[in-house]
Amino acid sequence: MKRRIALLSVLVAASLAAQDWAVARLEKSPRHREWVTVKHGGRSVETFVAYPESAAKTPVVVVIHEIFGMTDWVQDLADQVAEAGYIAVAPDLLSGMAPNGGRTKDFAPNTVMEAISHLDPDQVTADLNAAADYGLQLPASNGKLFAAGFCWGGGQTFRFSTNRADLKAAFVFYGPPPPAEAMAKIQAPVYGFYAGNDARIDATIPAAKDQMAAARKSYDPVVYQGAGHGFMRAGEDPAATEPNQKARAAAWTRWKQLLQERSQ
């Protein structure tokens with residue numbers, strides 16, 4: 001099993017390292033983007049922030065990266081959130097965890113997944129809270145907060161909704177749910193985006209629906225048939241399969257509609 005995981009890590013690292021398409025798209029963006037250092041307690045969290053071109057104040061979306069860390073695609077995705085009209089705040093949750101205190105880019109690519117899997121949950125929550133607070137305090141923010149995450153970040157988004165009472169909505173992309181006993185603390189509606197060819201995560205949906213219903217919480221999952229885990233990233237890749245492309249397009253449309261509705 002360990003050998004299989006190691007091989008998978010190498011293969012994934014190789015594919016993620018070749019995200020020139022994401023870099024190219026980001027370089028063409030007219031929007032303001034910047035890296036900021038968000039400090040809390042004894043930690044400094046390097047955070048990517050993308051601003052919409054807007055004359056009015058706008059909501060904040062905390063973007064939680066995949067288990068692959070702060071990749072070029074995450075920055076590309078954050079910029080697309082800004083393009084849709086929202087301030088995107090994307091913390092690198094591996095900040096300070098790499099050799100010599102670096103972040104995702106300072107890890108050997110095949111070690112990132114393991115490093116993220118060993119992050120302390122309380123530290124992750126504190127980092128996300130600090131990033132959210134930073135976004136809300138920006139002069140361009142209108143004080144409304146959302147969270148969205150992908151893969152590992154999808155699970156962290158669902159979990160963050162149990163810790164952050166002022167969320168307007170949580171958008172979980174192919175991530176697992178938190179323990180049933182934690183769901184009682186959720187205040188925001190949770191919207192799920194899942195891949196049809198992802199039995200590992202999809203197996204959690206029926207129980208999550210029952211548990212959220214029992215806790216009298218709002219949970220609306222949608223499964224995009226034919227798509228694979230990670231379709232929001234894979235569907236944007238120029239080499240994407242048609243099911244992943246279609247799933248990404250449909251999910252992106254749904255996500256923007258929900259953001260607009262919940263921002264009212």
# chains A, B, ... in the order shown; residues from 1 in each chain; ligands from 1
call {"tool": "select_by_dssp", "arguments": {"residues": "region 87-254 of chain A", "states": "strand (DSSP E or B)", "output": "JSON, numbers by chain"}}
result
{"A": [87, 88, 89, 90, 91, 141, 142, 143, 144, 145, 146, 147, 148, 149, 150, 167, 168, 169, 170, 171, 172, 173, 190, 191, 192, 193, 194, 195, 196, 197, 219, 220, 221, 222, 223, 224, 225, 226, 227, 228]}
call {"tool": "write_last_selection", "arguments": {"atoms": "C-alpha atoms", "output": "mmCIF file, in the first residue's frame"}}
result
data_model
loop_
_atom_site.group_PDB
_atom_site.id
_atom_site.type_symbol
_atom_site.label_atom_id
_atom_site.label_comp_id
_atom_site.auth_asym_id
_atom_site.auth_seq_id
_atom_site.Cartn_x
_atom_site.Cartn_y
_atom_site.Cartn_z
ATOM 1 C CA ILE A 87 -12.665 38.976 -3.463
ATOM 2 C CA ALA A 88 -10.857 35.622 -3.441
ATOM 3 C CA VAL A 89 -8.641 34.853 -0.460
ATOM 4 C CA ALA A 90 -6.622 31.644 -0.854
ATOM 5 C CA PRO A 91 -4.299 30.761 2.041
ATOM 6 C CA SER A 141 -15.224 43.887 1.332
ATOM 7 C CA ASN A 142 -18.944 44.226 1.990
ATOM 8 C CA GLY A 143 -18.744 41.932 5.018
ATOM 9 C CA LYS A 144 -20.285 38.822 3.465
ATOM 10 C CA LEU A 145 -18.249 35.618 3.688
ATOM 11 C CA PHE A 146 -18.234 32.362 1.730
ATOM 12 C CA ALA A 147 -15.942 29.330 1.693
ATOM 13 C CA ALA A 148 -15.189 26.931 -1.130
ATOM 14 C CA GLY A 149 -12.743 24.045 -1.263
ATOM 15 C CA PHE A 150 -11.648 21.233 -3.502
ATOM 16 C CA LEU A 167 -20.525 31.991 6.608
ATOM 17 C CA LYS A 168 -23.250 32.798 4.105
ATOM 18 C CA ALA A 169 -22.700 29.438 2.362
ATOM 19 C CA ALA A 170 -20.140 26.657 2.048
ATOM 20 C CA PHE A 171 -19.321 25.077 -1.311
ATOM 21 C CA VAL A 172 -17.885 21.579 -0.994
ATOM 22 C CA PHE A 173 -16.245 20.180 -4.115
ATOM 23 C CA VAL A 190 -23.833 23.579 2.411
ATOM 24 C CA TYR A 191 -23.783 22.908 -1.331
ATOM 25 C CA GLY A 192 -22.023 19.811 -2.625
ATOM 26 C CA PHE A 193 -20.419 19.224 -6.024
ATOM 27 C CA TYR A 194 -19.450 15.603 -6.670
ATOM 28 C CA ALA A 195 -18.092 13.443 -9.483
ATOM 29 C CA GLY A 196 -20.037 10.438 -10.736
ATOM 30 C CA ASN A 197 -16.852 8.368 -11.032
ATOM 31 C CA TYR A 219 -27.286 20.280 2.456
ATOM 32 C CA ASP A 220 -27.753 20.177 -1.323
ATOM 33 C CA PRO A 221 -25.425 17.736 -3.129
ATOM 34 C CA VAL A 222 -25.269 17.392 -6.913
ATOM 35 C CA VAL A 223 -23.411 14.564 -8.661
ATOM 36 C CA TYR A 224 -22.007 15.199 -12.144
ATOM 37 C CA GLN A 225 -22.170 11.880 -13.936
ATOM 38 C CA GLY A 226 -19.171 10.717 -15.937
ATOM 39 C CA ALA A 227 -16.779 13.130 -14.248
ATOM 40 C CA GLY A 228 -13.818 12.088 -12.140
#
call {"tool": "residues_around", "arguments": {"residues": "region 158-164 of chain A", "least_positions_apart": "6", "cutoff": "7 Å", "atoms": "only C-alpha atoms", "output": "PyMOL selection string"}}
result
chain A and resi 125+170+172+177-178+182-183+185-186+188
call {"tool": "residues_around", "arguments": {"residues": "region 63-69 of chain A", "least_positions_apart": "4", "cutoff": "10 Å", "atoms": "only C-alpha atoms", "output": "short mmCIF file (atom, residue, chain, number, x, y, z; two decimals) with all heavy atoms, in the first residue's frame"}}
result
data_model
loop_
_atom_site.label_atom_id
_atom_site.label_comp_id
_atom_site.auth_asym_id
_atom_site.auth_seq_id
_atom_site.Cartn_x
_atom_site.Cartn_y
_atom_site.Cartn_z
N SER A 9 1.79 9.47 -5.63
CA SER A 9 2.27 10.82 -5.32
C SER A 9 3.20 11.33 -6.40
O SER A 9 3.14 12.50 -6.81
CB SER A 9 3.00 10.81 -3.97
OG SER A 9 2.12 10.47 -2.93
N VAL A 12 1.09 12.09 -9.61
CA VAL A 12 0.29 13.29 -9.43
C VAL A 12 1.18 14.53 -9.44
O VAL A 12 0.86 15.54 -10.05
CB VAL A 12 -0.52 13.21 -8.11
CG1 VAL A 12 -1.14 14.57 -7.79
CG2 VAL A 12 -1.62 12.17 -8.23
N ALA A 13 2.31 14.45 -8.75
CA ALA A 13 3.23 15.58 -8.70
C ALA A 13 3.69 15.96 -10.10
O ALA A 13 3.79 17.14 -10.43
CB ALA A 13 4.43 15.24 -7.82
N LEU A 16 0.80 17.76 -11.91
CA LEU A 16 0.49 19.07 -11.35
C LEU A 16 1.59 20.07 -11.65
O LEU A 16 1.34 21.28 -11.71
CB LEU A 16 0.28 18.96 -9.85
CG LEU A 16 -1.00 18.23 -9.42
CD1 LEU A 16 -1.01 18.04 -7.91
CD2 LEU A 16 -2.24 18.99 -9.86
N PHE A 48 -2.83 34.18 -1.10
CA PHE A 48 -3.03 34.77 -2.43
C PHE A 48 -4.39 35.45 -2.45
O PHE A 48 -5.41 34.85 -2.09
CB PHE A 48 -2.98 33.67 -3.49
CG PHE A 48 -3.10 34.17 -4.90
CD1 PHE A 48 -2.02 34.76 -5.54
CD2 PHE A 48 -4.28 34.02 -5.62
CE1 PHE A 48 -2.12 35.21 -6.85
CE2 PHE A 48 -4.39 34.45 -6.92
CZ PHE A 48 -3.31 35.05 -7.54
N VAL A 49 -4.41 36.71 -2.85
CA VAL A 49 -5.65 37.49 -2.87
C VAL A 49 -5.86 38.04 -4.28
O VAL A 49 -4.95 38.62 -4.88
CB VAL A 49 -5.60 38.65 -1.86
CG1 VAL A 49 -6.93 39.42 -1.86
CG2 VAL A 49 -5.29 38.14 -0.45
N TRP A 73 -2.94 26.18 -10.42
CA TRP A 73 -4.37 26.14 -10.71
C TRP A 73 -5.18 26.81 -9.62
O TRP A 73 -6.19 27.48 -9.90
CB TRP A 73 -4.86 24.69 -10.87
CG TRP A 73 -6.35 24.65 -10.98
CD1 TRP A 73 -7.10 25.01 -12.06
CD2 TRP A 73 -7.28 24.29 -9.95
NE1 TRP A 73 -8.45 24.89 -11.77
CE2 TRP A 73 -8.58 24.45 -10.49
CE3 TRP A 73 -7.14 23.84 -8.63
CZ2 TRP A 73 -9.73 24.18 -9.74
CZ3 TRP A 73 -8.28 23.58 -7.90
CH2 TRP A 73 -9.56 23.75 -8.45
N VAL A 74 -4.79 26.68 -8.37
CA VAL A 74 -5.53 27.32 -7.29
C VAL A 74 -5.51 28.83 -7.46
O VAL A 74 -6.53 29.50 -7.26
CB VAL A 74 -4.95 26.92 -5.92
CG1 VAL A 74 -5.70 27.64 -4.80
CG2 VAL A 74 -5.03 25.42 -5.71
N GLN A 75 -4.38 29.37 -7.85
CA GLN A 75 -4.30 30.80 -8.10
C GLN A 75 -5.16 31.19 -9.30
O GLN A 75 -5.84 32.22 -9.29
CB GLN A 75 -2.84 31.20 -8.33
CG GLN A 75 -1.96 30.97 -7.11
CD GLN A 75 -0.50 31.19 -7.40
OE1 GLN A 75 -0.10 32.30 -7.80
NE2 GLN A 75 0.33 30.17 -7.20
N LEU A 77 -7.83 29.60 -10.27
CA LEU A 77 -9.22 29.49 -9.82
C LEU A 77 -9.62 30.70 -8.99
O LEU A 77 -10.72 31.25 -9.15
CB LEU A 77 -9.38 28.19 -9.03
CG LEU A 77 -10.76 27.71 -8.56
CD1 LEU A 77 -11.24 28.44 -7.34
CD2 LEU A 77 -11.80 27.82 -9.67
N ALA A 78 -8.73 31.15 -8.11
CA ALA A 78 -9.01 32.32 -7.30
C ALA A 78 -9.25 33.54 -8.19
O ALA A 78 -10.14 34.36 -7.94
CB ALA A 78 -7.87 32.58 -6.32
N VAL A 81 -12.67 33.42 -9.60
CA VAL A 81 -13.64 33.85 -8.60
C VAL A 81 -13.71 35.37 -8.57
O VAL A 81 -14.80 35.97 -8.49
CB VAL A 81 -13.28 33.28 -7.21
CG1 VAL A 81 -14.15 33.91 -6.11
CG2 VAL A 81 -13.44 31.77 -7.19
N ALA A 88 -11.29 36.99 -3.72
CA ALA A 88 -10.86 35.62 -3.44
C ALA A 88 -9.64 35.66 -2.53
O ALA A 88 -8.65 36.34 -2.82
CB ALA A 88 -10.52 34.88 -4.74
N VAL A 89 -9.73 34.93 -1.43
CA VAL A 89 -8.64 34.85 -0.46
C VAL A 89 -8.24 33.38 -0.33
O VAL A 89 -9.03 32.57 0.17
CB VAL A 89 -9.08 35.42 0.90
CG1 VAL A 89 -7.95 35.30 1.93
CG2 VAL A 89 -9.52 36.87 0.76
N ALA A 90 -7.05 33.05 -0.79
CA ALA A 90 -6.62 31.64 -0.85
C ALA A 90 -5.35 31.44 -0.04
O ALA A 90 -4.24 31.69 -0.52
CB ALA A 90 -6.40 31.22 -2.30
N PRO A 91 -5.48 30.97 1.21
CA PRO A 91 -4.30 30.76 2.04
C PRO A 91 -3.54 29.50 1.67
O PRO A 91 -4.14 28.47 1.33
CB PRO A 91 -4.89 30.64 3.45
CG PRO A 91 -6.26 30.07 3.22
CD PRO A 91 -6.74 30.68 1.93
N ASP A 92 -2.22 29.57 1.71
CA ASP A 92 -1.39 28.39 1.54
C ASP A 92 -1.25 27.76 2.92
O ASP A 92 -0.49 28.24 3.77
CB ASP A 92 -0.02 28.77 0.98
CG ASP A 92 0.83 27.55 0.65
OD1 ASP A 92 0.56 26.46 1.19
OD2 ASP A 92 1.77 27.69 -0.16
N LEU A 93 -1.97 26.69 3.17
CA LEU A 93 -2.03 26.09 4.50
C LEU A 93 -0.77 25.32 4.86
O LEU A 93 -0.65 24.82 5.98
CB LEU A 93 -3.28 25.21 4.60
CG LEU A 93 -4.58 26.01 4.43
CD1 LEU A 93 -5.79 25.07 4.34
CD2 LEU A 93 -4.78 27.00 5.57
N LEU A 94 0.16 25.23 3.92
CA LEU A 94 1.47 24.65 4.21
C LEU A 94 2.50 25.73 4.57
O LEU A 94 3.68 25.44 4.71
CB LEU A 94 1.99 23.83 3.03
CG LEU A 94 1.35 22.44 2.85
CD1 LEU A 94 1.91 21.77 1.61
CD2 LEU A 94 1.59 21.57 4.08
N SER A 95 2.04 26.96 4.73
CA SER A 95 2.95 28.05 5.09
C SER A 95 3.71 27.72 6.37
O SER A 95 3.12 27.30 7.38
CB SER A 95 2.17 29.35 5.29
OG SER A 95 1.58 29.78 4.09
N ARG A 103 6.75 27.28 2.11
CA ARG A 103 5.36 26.87 1.89
C ARG A 103 5.30 25.83 0.78
O ARG A 103 6.31 25.16 0.52
CB ARG A 103 4.49 28.08 1.59
CG ARG A 103 4.96 28.95 0.41
CD ARG A 103 4.06 30.17 0.26
NE ARG A 103 4.43 31.03 -0.84
CZ ARG A 103 4.05 30.86 -2.10
NH1 ARG A 103 3.27 29.83 -2.42
NH2 ARG A 103 4.41 31.71 -3.05
N THR A 104 4.15 25.68 0.14
CA THR A 104 3.97 24.61 -0.83
C THR A 104 5.09 24.54 -1.86
O THR A 104 5.64 23.47 -2.12
CB THR A 104 2.62 24.77 -1.58
OG1 THR A 104 1.53 24.62 -0.65
CG2 THR A 104 2.47 23.72 -2.66
N LYS A 105 5.43 25.66 -2.44
CA LYS A 105 6.43 25.67 -3.52
C LYS A 105 7.81 25.21 -3.06
O LYS A 105 8.67 24.89 -3.89
CB LYS A 105 6.53 27.07 -4.13
CG LYS A 105 7.10 28.12 -3.20
CD LYS A 105 7.17 29.48 -3.88
CE LYS A 105 7.74 30.54 -2.95
NZ LYS A 105 9.12 30.26 -2.54
N PHE A 107 8.36 22.59 -0.99
CA PHE A 107 8.38 21.15 -0.77
C PHE A 107 8.83 20.43 -2.04
O PHE A 107 8.59 20.91 -3.15
CB PHE A 107 6.97 20.64 -0.44
CG PHE A 107 6.57 20.80 1.01
CD1 PHE A 107 5.93 21.95 1.43
CD2 PHE A 107 6.80 19.80 1.93
CE1 PHE A 107 5.53 22.10 2.75
CE2 PHE A 107 6.42 19.93 3.25
CZ PHE A 107 5.78 21.10 3.66
N PRO A 109 7.88 18.03 -4.75
CA PRO A 109 6.50 17.78 -5.19
C PRO A 109 5.88 16.50 -4.66
O PRO A 109 4.69 16.47 -4.34
CB PRO A 109 6.64 17.76 -6.72
CG PRO A 109 7.81 18.63 -7.00
CD PRO A 109 8.76 18.37 -5.88
N ASN A 110 6.66 15.44 -4.54
CA ASN A 110 6.08 14.17 -4.11
C ASN A 110 5.94 14.05 -2.60
O ASN A 110 5.57 12.99 -2.08
CB ASN A 110 6.92 12.99 -4.65
CG ASN A 110 8.34 12.99 -4.11
OD1 ASN A 110 8.82 14.01 -3.63
ND2 ASN A 110 9.00 11.86 -4.22
N THR A 111 6.19 15.15 -1.87
CA THR A 111 6.02 15.13 -0.42
C THR A 111 4.86 16.00 0.05
O THR A 111 4.54 16.00 1.24
CB THR A 111 7.31 15.58 0.29
OG1 THR A 111 7.57 16.96 -0.02
CG2 THR A 111 8.50 14.73 -0.13
N VAL A 112 4.25 16.75 -0.86
CA VAL A 112 3.20 17.69 -0.48
C VAL A 112 1.97 16.99 0.09
O VAL A 112 1.42 17.39 1.13
CB VAL A 112 2.79 18.58 -1.68
CG1 VAL A 112 1.55 19.39 -1.36
CG2 VAL A 112 3.94 19.50 -2.06
N MET A 113 1.51 15.93 -0.58
CA MET A 113 0.30 15.24 -0.13
C MET A 113 0.44 14.73 1.30
O MET A 113 -0.46 14.88 2.12
CB MET A 113 -0.03 14.09 -1.08
CG MET A 113 -0.46 14.53 -2.47
SD MET A 113 -0.62 13.14 -3.63
CE MET A 113 -1.91 12.18 -2.86
N GLU A 114 1.58 14.13 1.59
CA GLU A 114 1.79 13.60 2.94
C GLU A 114 1.84 14.73 3.96
O GLU A 114 1.28 14.61 5.06
CB GLU A 114 3.09 12.80 3.00
CG GLU A 114 3.34 12.18 4.38
CD GLU A 114 4.59 11.33 4.43
OE1 GLU A 114 5.32 11.25 3.42
OE2 GLU A 114 4.84 10.73 5.50
N ALA A 115 2.48 15.84 3.61
CA ALA A 115 2.57 16.97 4.53
C ALA A 115 1.20 17.52 4.87
O ALA A 115 0.89 17.81 6.03
CB ALA A 115 3.46 18.06 3.93
N ILE A 116 0.36 17.65 3.86
CA ILE A 116 -0.99 18.17 4.10
C ILE A 116 -1.82 17.20 4.93
O ILE A 116 -2.58 17.61 5.81
CB ILE A 116 -1.68 18.50 2.76
CG1 ILE A 116 -1.05 19.74 2.15
CG2 ILE A 116 -3.19 18.70 2.95
CD1 ILE A 116 -1.66 20.21 0.86
N SER A 117 -1.65 15.92 4.66
CA SER A 117 -2.44 14.92 5.40
C SER A 117 -2.10 14.90 6.89
O SER A 117 -2.87 14.39 7.69
CB SER A 117 -2.23 13.53 4.80
OG SER A 117 -0.91 13.07 5.03
N LEU A 128 -7.59 29.33 8.54
CA LEU A 128 -8.74 29.73 7.74
C LEU A 128 -9.48 30.89 8.38
O LEU A 128 -9.94 31.81 7.68
CB LEU A 128 -9.68 28.53 7.56
CG LEU A 128 -9.14 27.37 6.73
CD1 LEU A 128 -10.14 26.21 6.72
CD2 LEU A 128 -8.85 27.81 5.30
N ALA A 131 -7.46 34.00 7.65
CA ALA A 131 -7.61 34.42 6.26
C ALA A 131 -8.98 35.06 6.03
O ALA A 131 -9.09 36.07 5.34
CB ALA A 131 -7.42 33.22 5.33
N ALA A 132 -10.01 34.45 6.62
CA ALA A 132 -11.36 35.01 6.48
C ALA A 132 -11.44 36.39 7.12
O ALA A 132 -12.01 37.32 6.54
CB ALA A 132 -12.37 34.06 7.12
N PHE A 146 -17.98 33.69 2.26
CA PHE A 146 -18.23 32.36 1.73
C PHE A 146 -16.95 31.53 1.83
O PHE A 146 -15.87 32.08 1.97
CB PHE A 146 -18.66 32.42 0.26
CG PHE A 146 -19.93 33.18 0.02
CD1 PHE A 146 -19.90 34.55 -0.27
CD2 PHE A 146 -21.16 32.55 0.07
CE1 PHE A 146 -21.06 35.26 -0.49
CE2 PHE A 146 -22.34 33.25 -0.15
CZ PHE A 146 -22.28 34.61 -0.43
N ALA A 147 -17.11 30.22 1.74
CA ALA A 147 -15.94 29.33 1.69
C ALA A 147 -16.17 28.28 0.63
O ALA A 147 -17.30 27.79 0.45
CB ALA A 147 -15.70 28.66 3.04
N ALA A 148 -15.12 27.96 -0.09
CA ALA A 148 -15.19 26.93 -1.13
C ALA A 148 -13.87 26.17 -1.14
O ALA A 148 -12.80 26.77 -1.04
CB ALA A 148 -15.44 27.55 -2.51
N GLY A 149 -13.96 24.84 -1.25
CA GLY A 149 -12.74 24.05 -1.26
C GLY A 149 -12.86 22.83 -2.16
O GLY A 149 -13.98 22.40 -2.49
N PHE A 150 -11.72 22.27 -2.49
CA PHE A 150 -11.65 21.23 -3.50
C PHE A 150 -10.84 20.04 -2.98
O PHE A 150 -9.77 20.22 -2.41
CB PHE A 150 -11.01 21.81 -4.77
CG PHE A 150 -11.70 23.07 -5.22
CD1 PHE A 150 -11.39 24.29 -4.64
CD2 PHE A 150 -12.71 23.03 -6.16
CE1 PHE A 150 -12.06 25.46 -5.00
CE2 PHE A 150 -13.39 24.18 -6.53
CZ PHE A 150 -13.06 25.39 -5.94
N CYS A 151 -11.39 18.82 -3.19
CA CYS A 151 -10.68 17.61 -2.77
C CYS A 151 -10.49 17.68 -1.24
O CYS A 151 -11.46 17.82 -0.51
CB CYS A 151 -9.37 17.52 -3.55
SG CYS A 151 -8.27 16.16 -3.18
N TRP A 152 -9.27 17.61 -0.76
CA TRP A 152 -9.00 17.78 0.67
C TRP A 152 -9.61 19.10 1.15
O TRP A 152 -10.20 19.16 2.24
CB TRP A 152 -7.49 17.78 0.90
CG TRP A 152 -7.07 18.05 2.30
CD1 TRP A 152 -6.97 17.16 3.33
CD2 TRP A 152 -6.67 19.33 2.84
NE1 TRP A 152 -6.55 17.80 4.47
CE2 TRP A 152 -6.34 19.13 4.20
CE3 TRP A 152 -6.55 20.61 2.30
CZ2 TRP A 152 -5.91 20.16 5.03
CZ3 TRP A 152 -6.13 21.64 3.12
CH2 TRP A 152 -5.81 21.41 4.47
N GLY A 153 -9.49 20.13 0.34
CA GLY A 153 -10.06 21.42 0.70
C GLY A 153 -11.57 21.41 0.75
O GLY A 153 -12.18 22.21 1.48
N GLY A 154 -12.20 20.50 -0.01
CA GLY A 154 -13.64 20.36 0.08
C GLY A 154 -14.05 19.85 1.45
O GLY A 154 -15.01 20.35 2.07
N GLY A 155 -13.32 18.84 1.94
CA GLY A 155 -13.59 18.34 3.28
C GLY A 155 -13.33 19.41 4.33
O GLY A 155 -14.08 19.53 5.31
N GLN A 156 -12.27 20.20 4.14
CA GLN A 156 -11.98 21.26 5.09
C GLN A 156 -13.05 22.35 5.05
O GLN A 156 -13.36 22.97 6.08
CB GLN A 156 -10.60 21.86 4.80
CG GLN A 156 -9.45 20.90 5.02
CD GLN A 156 -9.39 20.35 6.42
OE1 GLN A 156 -9.60 21.08 7.40
NE2 GLN A 156 -9.13 19.05 6.55
N THR A 157 -13.63 22.59 3.88
CA THR A 157 -14.72 23.56 3.78
C THR A 157 -15.92 23.10 4.58
O THR A 157 -16.53 23.89 5.33
CB THR A 157 -15.11 23.76 2.30
OG1 THR A 157 -14.00 24.28 1.59
CG2 THR A 157 -16.29 24.72 2.17
N PHE A 171 -19.28 25.80 -0.05
CA PHE A 171 -19.32 25.08 -1.31
C PHE A 171 -18.27 23.97 -1.27
O PHE A 171 -17.07 24.24 -1.31
CB PHE A 171 -19.07 26.03 -2.48
CG PHE A 171 -20.05 27.19 -2.50
CD1 PHE A 171 -19.69 28.43 -1.99
CD2 PHE A 171 -21.34 27.01 -2.99
CE1 PHE A 171 -20.60 29.49 -2.00
CE2 PHE A 171 -22.25 28.07 -3.00
CZ PHE A 171 -21.88 29.31 -2.50
N VAL A 172 -18.75 22.74 -1.18
CA VAL A 172 -17.88 21.58 -0.99
C VAL A 172 -17.72 20.85 -2.32
O VAL A 172 -18.68 20.26 -2.84
CB VAL A 172 -18.48 20.63 0.07
CG1 VAL A 172 -17.62 19.37 0.20
CG2 VAL A 172 -18.60 21.35 1.41
N PHE A 173 -16.52 20.88 -2.86
CA PHE A 173 -16.24 20.18 -4.12
C PHE A 173 -15.53 18.87 -3.80
O PHE A 173 -14.39 18.86 -3.34
CB PHE A 173 -15.38 21.04 -5.04
CG PHE A 173 -16.12 22.22 -5.63
CD1 PHE A 173 -16.31 23.38 -4.90
CD2 PHE A 173 -16.64 22.15 -6.92
CE1 PHE A 173 -16.98 24.47 -5.44
CE2 PHE A 173 -17.33 23.22 -7.47
CZ PHE A 173 -17.50 24.38 -6.73
N GLY A 175 -15.45 16.63 -1.46
CA GLY A 175 -14.77 16.44 -0.18
C GLY A 175 -15.67 15.72 0.80
O GLY A 175 -16.91 15.77 0.68
N GLY A 230 -11.78 15.65 -8.83
CA GLY A 230 -10.90 16.73 -9.26
C GLY A 230 -11.31 17.38 -10.57
O GLY A 230 -10.50 18.04 -11.21
N ARG A 233 -10.46 21.11 -11.64
CA ARG A 233 -9.12 21.34 -12.17
C ARG A 233 -8.92 20.60 -13.49
O ARG A 233 -8.50 21.18 -14.49
CB ARG A 233 -8.05 20.90 -11.15
CG ARG A 233 -6.65 20.83 -11.73
CD ARG A 233 -5.61 20.45 -10.67
NE ARG A 233 -6.06 19.41 -9.78
CZ ARG A 233 -6.08 18.11 -10.08
NH1 ARG A 233 -5.71 17.69 -11.27
NH2 ARG A 233 -6.49 17.22 -9.18
#
call {"tool": "atom_distance", "arguments": {"atom1": "CA of Thr37 (chain A)", "atom2": "CA of Ala130 (chain A)"}}
result
10.5 Å
call {"tool": "atom_distance", "arguments": {"atom1": "CA of Ala203 (chain A)", "atom2": "CA of Pro179 (chain A)"}}
result
14.6 Å
call {"tool": "select_by_dssp", "arguments": {"residues": "region 9-67 of chain A", "states": "helix (DSSP H, G or I)", "output": "list in words"}}
result
Ser9, Val10, Leu11, Val12, Ala13, Ala14, Ser15, Leu16, Ala17, Asp20, Trp21, Ala22, Val23, Ala24, Arg25, Leu26 and Glu27 of chain A
call {"tool": "write_last_selection", "arguments": {"atoms": "C-alpha atoms", "output": "PDB file, in the first residue's frame"}}
result
ATOM      1  CA  SER A   9       2.272  10.816  -5.324  1.00  0.00           C
ATOM      2  CA  VAL A  10       5.022  10.862  -7.939  1.00  0.00           C
ATOM      3  CA  LEU A  11       2.561  10.598 -10.833  1.00  0.00           C
ATOM      4  CA  VAL A  12       0.289  13.293  -9.431  1.00  0.00           C
ATOM      5  CA  ALA A  13       3.229  15.579  -8.702  1.00  0.00           C
ATOM      6  CA  ALA A  14       4.418  15.231 -12.285  1.00  0.00           C
ATOM      7  CA  SER A  15       1.018  16.140 -13.711  1.00  0.00           C
ATOM      8  CA  LEU A  16       0.494  19.067 -11.354  1.00  0.00           C
ATOM      9  CA  ALA A  17       3.915  20.488 -12.099  1.00  0.00           C
ATOM     10  CA  ASP A  20       1.441  26.017 -17.810  1.00  0.00           C
ATOM     11  CA  TRP A  21      -2.114  26.556 -19.024  1.00  0.00           C
ATOM     12  CA  ALA A  22      -3.074  27.910 -15.591  1.00  0.00           C
ATOM     13  CA  VAL A  23      -0.040  30.183 -15.488  1.00  0.00           C
ATOM     14  CA  ALA A  24      -0.763  31.475 -18.991  1.00  0.00           C
ATOM     15  CA  ARG A  25      -4.355  32.283 -18.116  1.00  0.00           C
ATOM     16  CA  LEU A  26      -3.340  34.020 -14.914  1.00  0.00           C
ATOM     17  CA  GLU A  27      -0.726  36.135 -16.676  1.00  0.00           C
TER      18      GLU A  27
END
call {"tool": "atom_distance", "arguments": {"atom1": "CA of Arg254 (chain A)", "atom2": "CA of Val62 (chain A)"}}
result
17.6 Å
call {"tool": "residues_around", "arguments": {"residues": "Lys39 (chain A)", "least_positions_apart": "3", "cutoff": "10 Å", "atoms": "only C-alpha atoms", "output": "list in words"}}
result
Val36, Gly42, Arg43, Ser44, Val45, Glu46, Asp127, Ala130, Ala131 and Tyr134 of chain A
call {"tool": "closest_residue", "arguments": {"among": "A:Val61, A:Ala126, A:Asp79, A:Asp106", "to": "Arg262 (chain A)", "atoms": "only C-alpha atoms"}}
result
A:Val61
